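**Q** Enclosed is the structure file entry-v7.pdb (PDB, C-alpha atoms).
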```pdb
ATOM      1  CA  MET A 834     -22.843   0.286 -17.599
ATOM      2  CA  LYS A 835     -25.137   3.240 -18.227
ATOM      3  CA  ASN A 836     -24.519   6.950 -18.813
ATOM      4  CA  PHE A 837     -25.136   9.402 -15.997
ATOM      5  CA  GLN A 838     -24.522  13.041 -15.287
ATOM      6  CA  ILE A 839     -23.779  14.142 -11.750
ATOM      7  CA  GLN A 840     -23.105  17.547 -10.270
ATOM      8  CA  ILE A 841     -20.715  18.122  -7.405
ATOM      9  CA  ARG A 842     -21.085  21.376  -5.509
ATOM     10  CA  VAL A 843     -18.151  22.469  -3.341
ATOM     11  CA  ARG A 844     -18.554  25.227  -0.759
ATOM     12  CA  PHE A 845     -16.429  26.647   2.041
ATOM     13  CA  LYS A 846     -17.477  25.338   5.429
ATOM     14  CA  GLU A 847     -19.344  27.632   7.798
ATOM     15  CA  GLY A 848     -16.880  29.893   9.601
ATOM     16  CA  ILE A 849     -14.109  29.606   7.010
ATOM     17  CA  LEU A 850     -12.659  32.970   6.122
ATOM     18  CA  ASP A 851     -13.743  33.769   2.543
ATOM     19  CA  PRO A 852     -12.407  37.159   1.384
ATOM     20  CA  GLN A 853     -13.674  36.631  -2.183
ATOM     21  CA  SER A 854     -17.292  36.219  -1.120
ATOM     22  CA  GLN A 855     -16.948  39.144   1.267
ATOM     23  CA  ALA A 856     -15.691  41.340  -1.600
ATOM     24  CA  ILE A 857     -18.611  40.298  -3.818
ATOM     25  CA  GLU A 858     -21.040  40.947  -0.986
ATOM     26  CA  ALA A 859     -19.598  44.444  -0.527
ATOM     27  CA  ALA A 860     -19.884  45.082  -4.282
ATOM     28  CA  LEU A 861     -23.549  44.047  -4.277
ATOM     29  CA  GLN A 862     -24.161  46.428  -1.378
ATOM     30  CA  LYS A 863     -22.479  49.162  -3.424
ATOM     31  CA  LEU A 864     -24.976  48.435  -6.219
ATOM     32  CA  GLN A 865     -27.693  49.203  -3.688
ATOM     33  CA  PHE A 866     -28.759  45.577  -3.187
ATOM     34  CA  LYS A 867     -29.112  46.525   0.433
ATOM     35  CA  SER A 868     -31.077  43.431   1.357
ATOM     36  CA  VAL A 869     -28.118  41.125   0.621
ATOM     37  CA  GLU A 870     -27.001  39.531   3.855
ATOM     38  CA  LYS A 871     -24.568  36.859   2.775
ATOM     39  CA  VAL A 872     -22.812  35.582  -0.356
ATOM     40  CA  ALA A 873     -21.170  32.191  -0.885
ATOM     41  CA  CYS A 874     -19.143  31.374  -4.002
ATOM     42  CA  ASP A 875     -19.404  27.698  -4.823
ATOM     43  CA  LYS A 876     -17.572  25.554  -7.323
ATOM     44  CA  LEU A 877     -19.843  23.399  -9.446
ATOM     45  CA  PHE A 878     -18.520  20.400 -11.350
ATOM     46  CA  MET A 879     -20.730  18.746 -13.988
ATOM     47  CA  ILE A 880     -19.447  15.264 -14.652
ATOM     48  CA  ASP A 881     -20.595  12.803 -17.306
ATOM     49  CA  LEU A 882     -19.670   9.237 -16.421
ATOM     50  CA  LYS A 883     -20.572   5.599 -16.822
ATOM     51  CA  ALA A 884     -21.804   3.575 -13.846
ATOM     52  CA  GLU A 885     -23.803   0.441 -13.037
ATOM     53  CA  ASP A 886     -26.662   2.419 -11.498
ATOM     54  CA  GLU A 887     -27.592   5.768  -9.932
ATOM     55  CA  GLY A 888     -26.213   4.779  -6.555
ATOM     56  CA  GLN A 889     -22.820   3.913  -7.960
ATOM     57  CA  ALA A 890     -22.718   7.153  -9.994
ATOM     58  CA  VAL A 891     -23.292   9.220  -6.854
ATOM     59  CA  GLN A 892     -20.846   7.086  -4.869
ATOM     60  CA  LEU A 893     -18.128   7.698  -7.475
ATOM     61  CA  GLY A 894     -18.868  11.418  -7.282
ATOM     62  CA  ARG A 895     -18.389  11.345  -3.516
ATOM     63  CA  GLN A 896     -15.037   9.620  -3.928
ATOM     64  CA  MET A 897     -13.947  12.213  -6.500
ATOM     65  CA  ALA A 898     -14.895  15.034  -4.148
ATOM     66  CA  ASN A 899     -13.128  13.472  -1.172
ATOM     67  CA  GLN A 900      -9.938  12.703  -3.057
ATOM     68  CA  LEU A 901      -9.587  15.765  -5.253
ATOM     69  CA  LEU A 902     -12.421  18.180  -5.947
ATOM     70  CA  ALA A 903     -12.875  19.388  -2.371
ATOM     71  CA  ASN A 904     -10.319  20.060   0.341
ATOM     72  CA  VAL A 905     -12.348  18.676   3.228
ATOM     73  CA  VAL A 906     -10.281  20.669   5.729
ATOM     74  CA  MET A 907     -12.088  23.792   4.553
ATOM     75  CA  GLU A 908     -14.827  22.737   2.138
ATOM     76  CA  ASN A 909     -18.046  20.705   2.168
ATOM     77  CA  PHE A 910     -19.541  19.080  -0.898
ATOM     78  CA  GLU A 911     -22.851  17.752  -2.173
ATOM     79  CA  VAL A 912     -23.239  15.236  -4.978
ATOM     80  CA  GLU A 913     -26.488  15.097  -6.959
ATOM     81  CA  LEU A 914     -27.634  13.020  -9.864
ATOM     82  CA  VAL A 915     -28.606  15.322 -12.750
ATOM     83  CA  SER A 916     -29.662  12.830 -15.391
ATOM     84  CA  ALA A 917     -29.606   9.123 -15.937
TER      85      ALA A 917
ATOM     86  CA  MET B 822      34.107   3.288 -12.074
ATOM     87  CA  THR B 823      33.032   0.831  -9.435
ATOM     88  CA  SER B 824      35.305   2.258  -6.757
ATOM     89  CA  GLY B 825      34.150   5.727  -7.754
ATOM     90  CA  MET B 826      30.550   4.696  -7.184
ATOM     91  CA  THR B 827      31.434   3.136  -3.843
ATOM     92  CA  SER B 828      33.230   6.232  -2.631
ATOM     93  CA  ARG B 829      30.052   8.186  -3.204
ATOM     94  CA  THR B 830      28.074   6.293  -0.565
ATOM     95  CA  SER B 831      28.871   9.012   1.978
ATOM     96  CA  THR B 832      27.575  11.695  -0.379
ATOM     97  CA  ARG B 833      24.571  13.555   0.939
ATOM     98  CA  ARG B 834      21.830  14.215  -1.570
ATOM     99  CA  TRP B 835      19.648  17.291  -1.578
ATOM    100  CA  ALA B 836      16.777  17.283  -4.063
ATOM    101  CA  VAL B 837      14.423  19.812  -5.566
ATOM    102  CA  VAL B 838      11.180  18.279  -6.827
ATOM    103  CA  GLN B 839      10.208  19.837 -10.117
ATOM    104  CA  PHE B 840       6.529  20.024 -11.111
ATOM    105  CA  PRO B 841       5.079  21.405 -14.329
ATOM    106  CA  GLY B 842       4.619  25.065 -13.403
ATOM    107  CA  SER B 843       7.305  25.230 -10.690
ATOM    108  CA  ASN B 844       9.130  28.536 -11.042
ATOM    109  CA  CYS B 845      11.374  28.666  -7.980
ATOM    110  CA  ASP B 846      12.905  25.283  -8.755
ATOM    111  CA  LEU B 847      16.083  26.824 -10.183
ATOM    112  CA  ASP B 848      16.413  29.369  -7.367
ATOM    113  CA  THR B 849      16.232  26.521  -4.871
ATOM    114  CA  PHE B 850      18.582  24.354  -6.932
ATOM    115  CA  LYS B 851      21.170  27.155  -7.175
ATOM    116  CA  THR B 852      20.917  27.821  -3.451
ATOM    117  CA  PHE B 853      21.483  24.125  -2.756
ATOM    118  CA  GLN B 854      24.443  24.220  -5.154
ATOM    119  CA  ALA B 855      25.946  27.150  -3.255
ATOM    120  CA  ILE B 856      25.675  25.082  -0.068
ATOM    121  CA  ALA B 857      27.158  22.066  -1.871
ATOM    122  CA  GLU B 858      30.093  24.092  -3.186
ATOM    123  CA  SER B 859      30.939  25.294   0.298
ATOM    124  CA  THR B 860      30.841  21.822   1.848
ATOM    125  CA  GLY B 861      31.945  19.536  -0.957
ATOM    126  CA  ASN B 862      30.032  16.357  -0.245
ATOM    127  CA  ILE B 863      26.495  17.260  -1.223
ATOM    128  CA  GLU B 864      25.042  16.197  -4.530
ATOM    129  CA  VAL B 865      22.175  18.400  -5.701
ATOM    130  CA  ILE B 866      19.499  16.737  -7.765
ATOM    131  CA  MET B 867      16.542  18.014  -9.746
ATOM    132  CA  HIS B 868      13.892  15.348  -9.194
ATOM    133  CA  TRP B 869      11.029  15.134 -11.699
ATOM    134  CA  HIS B 870       7.646  14.849  -9.989
ATOM    135  CA  GLU B 871       6.648  11.661 -11.790
ATOM    136  CA  GLU B 872       9.464   9.662 -10.158
ATOM    137  CA  PRO B 873       8.673   8.221  -6.709
ATOM    138  CA  ILE B 874      11.060   9.160  -3.896
ATOM    139  CA  GLN B 875      12.541   6.263  -1.955
ATOM    140  CA  LYS B 876      13.260   6.175   1.769
ATOM    141  CA  ASN B 877      16.798   7.424   2.543
ATOM    142  CA  GLN B 878      17.269   8.576  -1.049
ATOM    143  CA  TYR B 879      17.688  12.208   0.012
ATOM    144  CA  GLU B 880      18.784  14.039   3.125
ATOM    145  CA  VAL B 881      16.883  17.221   2.217
ATOM    146  CA  ILE B 882      13.927  17.513  -0.153
ATOM    147  CA  ALA B 883      12.468  20.833  -1.316
ATOM    148  CA  LEU B 884       9.043  21.280  -2.858
ATOM    149  CA  PRO B 885       9.616  24.618  -4.591
ATOM    150  CA  GLY B 886       7.445  27.634  -5.219
ATOM    151  CA  GLY B 887       5.532  28.322  -8.391
ATOM    152  CA  PHE B 888       2.198  27.370  -9.857
ATOM    153  CA  SER B 889       2.242  23.590 -10.123
ATOM    154  CA  PHE B 890      -0.304  22.415 -12.695
ATOM    155  CA  GLY B 891      -1.399  26.032 -13.106
ATOM    156  CA  ASP B 892      -2.775  26.024  -9.551
ATOM    157  CA  TYR B 893      -5.946  24.705 -11.185
ATOM    158  CA  LEU B 894      -8.717  23.632  -8.810
ATOM    159  CA  ARG B 895      -6.753  24.797  -5.746
ATOM    160  CA  ALA B 896      -3.053  25.559  -5.297
ATOM    161  CA  GLY B 897      -1.324  22.210  -4.769
ATOM    162  CA  ALA B 898      -4.467  20.113  -5.298
ATOM    163  CA  ILE B 899      -3.249  18.382  -8.439
ATOM    164  CA  ALA B 900       0.443  18.254  -7.510
ATOM    165  CA  LYS B 901      -0.420  16.209  -4.412
ATOM    166  CA  LEU B 902      -1.231  13.331  -6.789
ATOM    167  CA  SER B 903       2.298  13.236  -8.260
ATOM    168  CA  ALA B 904       4.324  10.069  -7.635
ATOM    169  CA  ALA B 905       7.056  12.045  -5.854
ATOM    170  CA  VAL B 906       4.530  13.287  -3.286
ATOM    171  CA  GLN B 907       2.714  10.009  -2.632
ATOM    172  CA  ASN B 908       4.946   8.455   0.007
ATOM    173  CA  LEU B 909       6.539  11.569   1.476
ATOM    174  CA  GLU B 910       5.237  10.735   4.943
ATOM    175  CA  ASP B 911       7.211   7.465   4.966
ATOM    176  CA  VAL B 912      10.257   9.148   3.421
ATOM    177  CA  VAL B 913      10.249  11.812   6.126
ATOM    178  CA  GLU B 914       9.692   9.295   8.920
ATOM    179  CA  ALA B 915      12.761   7.429   7.640
ATOM    180  CA  GLY B 916      14.865  10.569   8.055
ATOM    181  CA  ALA B 917      14.405  13.101   5.242
ATOM    182  CA  HIS B 918      13.986  16.776   6.027
ATOM    183  CA  LEU B 919      11.320  18.203   3.773
ATOM    184  CA  ILE B 920      10.860  21.896   3.118
ATOM    185  CA  GLY B 921       7.815  23.150   1.209
ATOM    186  CA  ILE B 922       8.170  26.748   0.104
ATOM    187  CA  CYS B 923       5.094  28.724  -1.039
ATOM    188  CA  ASN B 924       3.500  26.398  -3.626
ATOM    189  CA  GLY B 925       5.416  23.561  -1.955
ATOM    190  CA  PHE B 926       3.742  24.503   1.333
ATOM    191  CA  GLN B 927       0.372  24.511  -0.429
ATOM    192  CA  ILE B 928       1.096  20.967  -1.665
ATOM    193  CA  LEU B 929       1.960  19.783   1.861
ATOM    194  CA  LEU B 930      -1.317  21.218   3.150
ATOM    195  CA  GLU B 931      -3.290  19.542   0.363
ATOM    196  CA  GLN B 932      -1.501  16.292   1.204
ATOM    197  CA  LYS B 933      -2.504  16.930   4.854
ATOM    198  CA  LEU B 934       1.040  16.487   6.089
ATOM    199  CA  LEU B 935       0.753  19.867   7.797
ATOM    200  CA  PRO B 936      -2.374  21.372   9.397
ATOM    201  CA  GLY B 937      -4.598  24.228   8.236
ATOM    202  CA  TYR B 938      -5.270  25.789   4.860
ATOM    203  CA  LEU B 939      -4.193  28.752   2.755
ATOM    204  CA  GLN B 940      -6.898  31.194   1.743
ATOM    205  CA  VAL B 941      -6.667  34.164  -0.613
ATOM    206  CA  ASN B 942      -4.842  37.133   0.973
ATOM    207  CA  SER B 943      -7.123  39.233   3.149
ATOM    208  CA  HIS B 944      -6.928  42.210   0.764
ATOM    209  CA  LEU B 945      -7.327  39.963  -2.301
ATOM    210  CA  ARG B 946      -4.095  41.227  -3.853
ATOM    211  CA  PHE B 947      -1.098  39.290  -5.053
ATOM    212  CA  ILE B 948       1.683  40.464  -2.737
ATOM    213  CA  SER B 949       5.307  40.590  -3.893
ATOM    214  CA  LYS B 950       7.619  42.261  -1.391
ATOM    215  CA  THR B 951      10.246  41.597   1.234
ATOM    216  CA  GLU B 952       8.977  41.013   4.758
ATOM    217  CA  ASN B 953      10.565  41.003   8.189
ATOM    218  CA  VAL B 954      10.029  37.579   9.657
ATOM    219  CA  GLU B 955      10.835  36.485  13.203
ATOM    220  CA  ILE B 956      12.225  33.053  13.995
ATOM    221  CA  ALA B 957       9.872  32.034  16.776
ATOM    222  CA  ALA B 958      11.091  28.564  17.709
ATOM    223  CA  GLU B 959      13.849  26.043  17.247
ATOM    224  CA  ALA B 960      13.328  23.712  14.267
ATOM    225  CA  PHE B 961      15.965  21.109  13.474
ATOM    226  CA  PRO B 962      17.776  21.379  11.112
ATOM    227  CA  TRP B 963      16.648  24.825   9.911
ATOM    228  CA  PHE B 964      16.872  26.941  13.066
ATOM    229  CA  SER B 965      18.959  26.357  16.175
ATOM    230  CA  LYS B 966      18.218  27.627  19.664
ATOM    231  CA  GLU B 967      20.542  30.604  19.102
ATOM    232  CA  ASP B 968      18.508  31.674  16.049
ATOM    233  CA  VAL B 969      15.281  32.059  18.021
ATOM    234  CA  GLY B 970      14.225  35.689  18.274
ATOM    235  CA  ALA B 971      16.226  36.763  15.218
ATOM    236  CA  VAL B 972      14.428  38.808  12.562
ATOM    237  CA  VAL B 973      15.262  37.919   8.973
ATOM    238  CA  ARG B 974      14.242  39.434   5.659
ATOM    239  CA  TYR B 975      12.644  37.035   3.191
ATOM    240  CA  PRO B 976      10.665  37.888   0.045
ATOM    241  CA  ILE B 977       7.043  36.814  -0.245
ATOM    242  CA  ALA B 978       5.167  36.449  -3.545
ATOM    243  CA  HIS B 979       1.695  34.962  -3.354
ATOM    244  CA  ARG B 980      -2.038  35.451  -3.659
ATOM    245  CA  PHE B 981      -2.991  32.434  -1.561
ATOM    246  CA  GLY B 982      -0.787  32.981   1.475
ATOM    247  CA  ASN B 983      -3.372  33.698   4.144
ATOM    248  CA  TYR B 984      -2.594  30.799   6.444
ATOM    249  CA  GLN B 985      -5.469  29.738   8.655
ATOM    250  CA  LEU B 986      -5.144  27.267  11.486
ATOM    251  CA  GLN B 987      -7.723  25.799  13.786
ATOM    252  CA  LYS B 988      -7.067  23.814  16.924
ATOM    253  CA  ILE B 989      -3.560  22.548  16.314
ATOM    254  CA  ASP B 990      -1.657  20.430  18.765
ATOM    255  CA  LEU B 991       1.247  22.693  19.696
ATOM    256  CA  ALA B 992       3.169  19.672  20.936
ATOM    257  CA  GLU B 993       3.254  18.344  17.373
ATOM    258  CA  PHE B 994       3.126  21.451  15.195
ATOM    259  CA  HIS B 995       5.315  24.469  15.810
ATOM    260  CA  PRO B 996       4.728  27.902  14.262
ATOM    261  CA  VAL B 997       8.401  28.736  13.727
ATOM    262  CA  LEU B 998       8.154  31.814  11.525
ATOM    263  CA  LYS B 999       6.018  34.870  12.261
ATOM    264  CA  TYR B1000       5.594  38.001  10.142
ATOM    265  CA  GLN B1001       6.398  41.173  12.057
ATOM    266  CA  GLN B1002       3.699  42.989  10.106
ATOM    267  CA  ASN B1003       1.098  40.482   8.986
ATOM    268  CA  PRO B1004       0.831  41.138   5.207
ATOM    269  CA  ASN B1005      -1.906  38.667   4.267
ATOM    270  CA  GLY B1006      -4.196  38.016   7.232
ATOM    271  CA  SER B1007      -2.514  34.814   8.412
ATOM    272  CA  TYR B1008      -3.596  33.438  11.780
ATOM    273  CA  GLU B1009      -1.384  34.950  14.486
ATOM    274  CA  SER B1010       0.961  36.219  11.722
ATOM    275  CA  THR B1011       2.149  32.669  11.075
ATOM    276  CA  ALA B1012       4.527  32.495   8.099
ATOM    277  CA  GLY B1013       5.831  28.959   8.588
ATOM    278  CA  ILE B1014       4.999  25.804  10.482
ATOM    279  CA  TYR B1015       7.224  22.908  11.462
ATOM    280  CA  ARG B1016       6.559  19.290  12.368
ATOM    281  CA  LYS B1017       8.995  16.671  13.599
ATOM    282  CA  LEU B1018       8.040  13.320  12.157
ATOM    283  CA  GLY B1019       9.945  10.138  12.955
ATOM    284  CA  LYS B1020      13.619  10.685  12.159
ATOM    285  CA  GLY B1021      12.840  13.553   9.782
ATOM    286  CA  SER B1022      10.863  16.778   9.674
ATOM    287  CA  LEU B1023       8.457  18.850   7.629
ATOM    288  CA  PHE B1024       8.706  22.605   7.280
ATOM    289  CA  GLY B1025       6.128  24.601   5.324
ATOM    290  CA  LEU B1026       6.510  28.333   4.785
ATOM    291  CA  MET B1027       5.167  31.037   2.517
ATOM    292  CA  PRO B1028       8.270  33.292   2.416
ATOM    293  CA  HIS B1029      11.066  32.459  -0.021
ATOM    294  CA  PRO B1030      14.463  32.034   1.699
ATOM    295  CA  GLU B1031      15.832  30.662  -1.595
ATOM    296  CA  ARG B1032      15.224  34.071  -3.169
ATOM    297  CA  ALA B1033      17.331  35.661  -0.448
ATOM    298  CA  ALA B1034      20.420  33.552  -0.855
ATOM    299  CA  PHE B1035      22.989  35.602  -2.730
ATOM    300  CA  GLU B1036      24.943  38.703  -1.709
ATOM    301  CA  ALA B1037      24.488  40.102  -5.210
ATOM    302  CA  LEU B1038      20.775  40.396  -4.405
ATOM    303  CA  LYS B1039      21.610  42.385  -1.244
ATOM    304  CA  LEU B1040      19.506  39.823   0.532
ATOM    305  CA  ALA B1041      21.219  36.740   1.892
ATOM    306  CA  ASP B1042      19.302  35.872   5.061
ATOM    307  CA  GLY B1043      17.849  32.834   3.330
ATOM    308  CA  LEU B1044      21.268  31.383   2.618
ATOM    309  CA  LYS B1045      21.962  31.403   6.360
ATOM    310  CA  MET B1046      18.959  29.155   6.938
ATOM    311  CA  PHE B1047      20.213  26.578   4.430
ATOM    312  CA  GLN B1048      23.757  26.862   5.835
ATOM    313  CA  ARG B1049      22.373  26.241   9.301
ATOM    314  CA  ALA B1050      20.557  23.155   8.041
ATOM    315  CA  GLU B1051      23.739  21.832   6.450
ATOM    316  CA  GLU B1052      25.777  22.422   9.633
ATOM    317  CA  ASN B1053      23.176  20.829  11.871
ATOM    318  CA  LEU B1054      22.746  17.808   9.614
ATOM    319  CA  ARG B1055      26.508  17.349   9.303
ATOM    320  CA  ALA B1056      26.905  17.515  13.091
ATOM    321  CA  ASP B1057      23.998  15.111  13.502
ATOM    322  CA  ARG B1058      25.530  12.641  11.044
ATOM    323  CA  SER B1059      28.954  12.705  12.693
ATOM    324  CA  GLY B1060      27.230  12.346  16.086
ATOM    325  CA  SER B1061      25.260   9.319  14.999
ATOM    326  CA  HIS B1062      28.376   7.941  13.277
ATOM    327  CA  GLU B1063      30.309   8.245  16.551
ATOM    328  CA  ASN B1064      27.436   6.597  18.367
ATOM    329  CA  ALA B1065      27.484   3.766  15.876
ATOM    330  CA  VAL B1066      31.258   3.389  16.293
ATOM    331  CA  ASN B1067      30.988   3.505  20.082
ATOM    332  CA  ALA B1068      28.141   1.028  20.210
TER     333      ALA B1068
END
```
Now, as a test, write the supplied structure out as structure tokens.
**A**
Amino acid sequence: MKNFQIQIRVRFKEGILDPQSQAIEAALQKLQFKSVEKVACDKLFMIDLKAEDEGQAVQLGRQMANQLLANVVMENFEVELVSA
Amino acid sequence: MTSGMTSRTSTRRWAVVQFPGSNCDLDTFKTFQAIAESTGNIEVIMHWHEEPIQKNQYEVIALPGGFSFGDYLRAGAIAKLSAAVQNLEDVVEAGAHLIGICNGFQILLEQKLLPGYLQVNSHLRFISKTENVEIAAEAFPWFSKEDVGAVVRYPIAHRFGNYQLQKIDLAEFHPVLKYQQNPNGSYESTAGIYRKLGKGSLFGLMPHPERAAFEALKLADGLKMFQRAEENLRADRSGSHENAVNA
């Protein structure tokens, strides 16, 4: 078993109502960032774990996201290996 | 003692599942006790979330409001892993009637026993007020045909109560409660959704009927809903008992 760090990014699916991001977008407009067209607030989980190899580390991350970290009814997720 | 235990087999059991961070558990428990006192054969139980629930253990199960596990990650996301929540689908199919109120509703959505998701309220505020809510459909045991169309007053208290639904099968899922003045942006003003499952049912709602259950509060519409459930379940039991005797 080796040490790995993975990151899991969770984001609302396209078309999901997201009042928080809309409020932040409006606040940026108020600050005169007029070129802002869209804001998405993600959740980012940095997870240190032990695994046999990189593939297993990412696979475990996907299972964690499916079972707990994301609600797949409304959120998508991406798992990336940060360091091995 | 033994005969005493035996005589209790006809006792109906209504349970409130208590999670760390539940805060409407006692309101629900006291409401159930009021029902029990008026009927005499209901035992009300506070059920700790770490204990699994067995099939036919309870007639009615409430997942109460509050902030289970601090609502960390997402409301209900961690509570759905509790032992008491794991086999609720089987427990309901076997005949239990499950009501998830506010945080309890959030748990049922996280467990995917009911469709859709709850987003932050459209105006981003925590809302705590009493709302007029219309009973839009029959939902055994909670609402009978004669209740449909009635407007009741239930308190709401939530930040994540903006109920969004996409493509639901209306043959399976029934929006049974609708806000008269949509306070939080919910899809088609939906305040509660109902699903018949096997011999039991699931009812998820954001308003708090258990906080509208005592005359002293000048708000007792919620008590009527629990009384209705008790009457309907009692009638159903005596009906199925007669059927069993006649068979």
**Q** Could you state which residues are captured by the ChimeraX specification (/B :<8) & /A in this file, as a list of chain:residue names?
**A** A:Leu850, A:Asp851, A:Pro852, A:Gln853, A:Leu901, A:Leu902, A:Asn904, A:Val906, A:Met907
**Q** Please report the interatomic distance between atom CA of B:Glu1009 and atom CA of B:Asp892 in Å with one decimal.
**A** 25.7 Å
**Q** Using atom CA of B:Lys966 and atom CA of B:His979 as the two end points, give the distance in Å to one decimal.
**A**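 About the pair atom CA of B:Lys966 and atom CA of B:His979: they are 29.3 Å apart.
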**Q** Got a sec to resolve the PyMOL selection byres ((chain A and resi 884-889) around 8) on this structure and send the residues as a VMD selection string?
**A** chain A and resid 834 to 837 882 to 883 890 to 893 914 917
**Q** Please check which residues have atoms at most 6 Å from (-21.5, 12.6, -9.3) in the file's coordinates, counting all atoms listed in the file, and write them as a list in words.
**A**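 Residues lying no farther than 6 Å from the given point: Ile839, Gln840, Ile841, Ala890, Val891, Gly894 and Val912 of chain A.
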**Q** Run through the PyMOL selection byres ((chain B and resi 950-960) around 10) on the given coordinates and return the selected residues as a PyMOL selection string.
**A** chain B and resi 947-949+961-979+995-1004+1010-1017+1022-1024+1028-1029+1033+1040+1050
**Q** How would you write as a JSON list (two decimals) with C-alpha atoms, keeping the file's coordinate frame the residues that get within 9 Å of (20.2, 20.5, -4.1) in the file's frame, counting all atoms listed in the file?
**A**
```
[["chain", "number", "residue", "atom", "x", "y", "z"],
["B", 834, "ARG", "CA", 21.83, 14.22, -1.57],
["B", 835, "TRP", "CA", 19.65, 17.29, -1.58],
["B", 836, "ALA", "CA", 16.78, 17.28, -4.06],
["B", 837, "VAL", "CA", 14.42, 19.81, -5.57],
["B", 849, "THR", "CA", 16.23, 26.52, -4.87],
["B", 850, "PHE", "CA", 18.58, 24.35, -6.93],
["B", 851, "LYS", "CA", 21.17, 27.16, -7.18],
["B", 852, "THR", "CA", 20.92, 27.82, -3.45],
["B", 853, "PHE", "CA", 21.48, 24.12, -2.76],
["B", 854, "GLN", "CA", 24.44, 24.22, -5.15],
["B", 855, "ALA", "CA", 25.95, 27.15, -3.26],
["B", 856, "ILE", "CA", 25.68, 25.08, -0.07],
["B", 857, "ALA", "CA", 27.16, 22.07, -1.87],
["B", 863, "ILE", "CA", 26.50, 17.26, -1.22],
["B", 864, "GLU", "CA", 25.04, 16.20, -4.53],
["B", 865, "VAL", "CA", 22.18, 18.40, -5.70],
["B", 866, "ILE", "CA", 19.50, 16.74, -7.76],
["B", 867, "MET", "CA", 16.54, 18.01, -9.75],
["B", 881, "VAL", "CA", 16.88, 17.22, 2.22],
["B", 882, "ILE", "CA", 13.93, 17.51, -0.15],
["B", 883, "ALA", "CA", 12.47, 20.83, -1.32]]
```
